[in-house]
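K.L.:
Sharing a structure, written as structure tokens. Questions coming.
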Amino acid sequence: MIKLFLKSIVIGVANIIPGVSGGTLAVILNIYDELVEKIGNFLQVNFKTKIEYAKYLAIVAAGAGVGILMFANIIKYSVTNYPKATSIVFSLLVLPSIPYIIKGLDYKKRKNIVSFLIGVLIMLIFIFLNIKYGKDSGSEVMYSLNNTSTFENTYLIKLFVCGLVAAGAMIIPGISGSLLLLMLGEYYNVVAFVSNFTIKPLIFVGLGVASGIVIFSKMIDYLLKNYREVTLFFITGIVTMSVLQIWVNI
């Protein structure tokens, strides 16, 4: 359980770095399959199994939360002041581990090759969108609104939607939830909310993230159970190209 907690801290840290995918780190740390299975099937299992799943997920959530809270300011500082060194560290985490994702699988099958290339293509499109839109996203905190403001309510709904979308990216290896928040203009806002413990907007982001994690975990769990080999090659294509994603914003 301590090992799982420490791995979850790493995943939490990854989720606050634009260009780095928490899903990728979960694959590399060998907890991805179990994590999405427990999230995706939590409502379907019996009560005894629910308790086991809840303990596992609570440890992951606590570890990720600790990683985010402890390292939000540190990561923001290192990415801002030492972007190349930070990117090198995460590239070295990702690259050596890629072959283990498809270890023992038949890489010569046509469907596996096609699946891998589709993953590569999707990631290249995502990198292109990041180059086009990511660097121009807003970086100023805008949350200074009156609690009864209609505009604030609209903004809180936007935060929920951003959390939902970012959670999908967290679950899918290779796609960075933080990067999507950056492209949506909310990354620096959310980091500031975490750093300053601004509770109300964090609740809406958290609700969006929780909803997105459940929805996308169920989808990924289904694919891994019914089309495991093809899905893993698809994930490998995304993870392989995610190394380029790490360097895009430097």
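As shown in the structure tokens, the chain order sets the letters A, B, ...; within each chain, residues go from 1, and ligands are also counted from 1 in the order they appear.
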Find the residues around region 55-63 of chain A up to 8 Å (only C-alpha atoms counted), leave out those fewer than 5 positions away in its own chain, and share them as a ChimeraX atom specification.
P.N.:
/A:1,4-9,12,35,38-39
K.L.:
Name the closest residue to Val194 (chain A) among the candidates A:Thr240, A:Thr80, A:Ser178, A:Asn73; distances are taken between atoms, counting only C-alpha atoms.
P.N.:
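Selected residue with least distance to Val194 (chain A): A:Asn73.
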K.L.:
Can you work out which one of A:Ile125, A:Val165, A:Leu29, A:Ile74 has the shortest atom-to-atom distance to Tyr100 (chain A), counting only C-alpha atoms?
P.N.:
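Smallest separation from Tyr100 (chain A) among the options: A:Leu29.
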K.L.:
Between CA of Gly163 (chain A) and CA of Asn189 (chain A), measure the distance and give it in Å to one decimal.
P.N.:
12.3 Å
K.L.:
From the list A:Met219, A:Leu69, A:Val209, A:Leu117, which residue is nearest Asn196 (chain A) when using only C-alpha atoms?
P.N.:
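Closest to Asn196 (chain A) of all the choices is A:Leu69.
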K.L.:
Can you measure CA of Ala85 (chain A) to CA of Ala64 (chain A) for me? One decimal in Å is fine.
P.N.:
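Separation of CA of Ala85 (chain A) and CA of Ala64 (chain A): 22.8 Å.
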K.L.:
For each of A:Ser78, A:Thr231, A:Asn15, A:Asn30, take the minimum atom-to-atom distance to Leu105 (chain A), counting only C-alpha atoms, then give the residue where this is smallest.
P.N.:
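Of A:Ser78, A:Thr231, A:Asn15, A:Asn30, the one nearest Leu105 (chain A), counting only C-alpha atoms, is A:Thr231.
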K.L.:
Select from region 5-136 of chain A everything DSSP, run on the backbone, classes as helix (DSSP H, G or I), then give the selection as a ChimeraX atom specification.
P.N.:
/A:5-14,22-28,32-40,47-81,83-101,110-136
K.L.:
Hey, which of A:Ile172, A:Leu156, A:Ala14, A:Ala167 ends up closest to Met123 (chain A)? Count only C-alpha atoms.
P.N.:
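Counting only C-alpha atoms, the residue closest to Met123 (chain A) is A:Ile172.
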K.L.:
Can you check which parts of region 17-127 of chain A lie within 8 Å of region 213-217 of chain A? Per residue, the shortest pair of atoms and distance in Å to one decimal, counting only C-alpha atoms, sorted by chain and number, as JSON lines.
P.N.:
```
{"residue": "A:Val36", "atom": "CA", "partner": "A:Ser217", "partner_atom": "CA", "distance": 4.8}
{"residue": "A:Glu37", "atom": "CA", "partner": "A:Ser217", "partner_atom": "CA", "distance": 7.1}
{"residue": "A:Ile39", "atom": "CA", "partner": "A:Val214", "partner_atom": "CA", "distance": 6.0}
{"residue": "A:Gly40", "atom": "CA", "partner": "A:Ser217", "partner_atom": "CA", "distance": 4.9}
```
K.L.:
Could you check which of A:Asp33, A:Asn81, A:Leu43, A:Ile122 is closest to Val239 (chain A), using only C-alpha atoms?
P.N.:
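Using only C-alpha atoms, Val239 (chain A) sits closest to A:Ile122.
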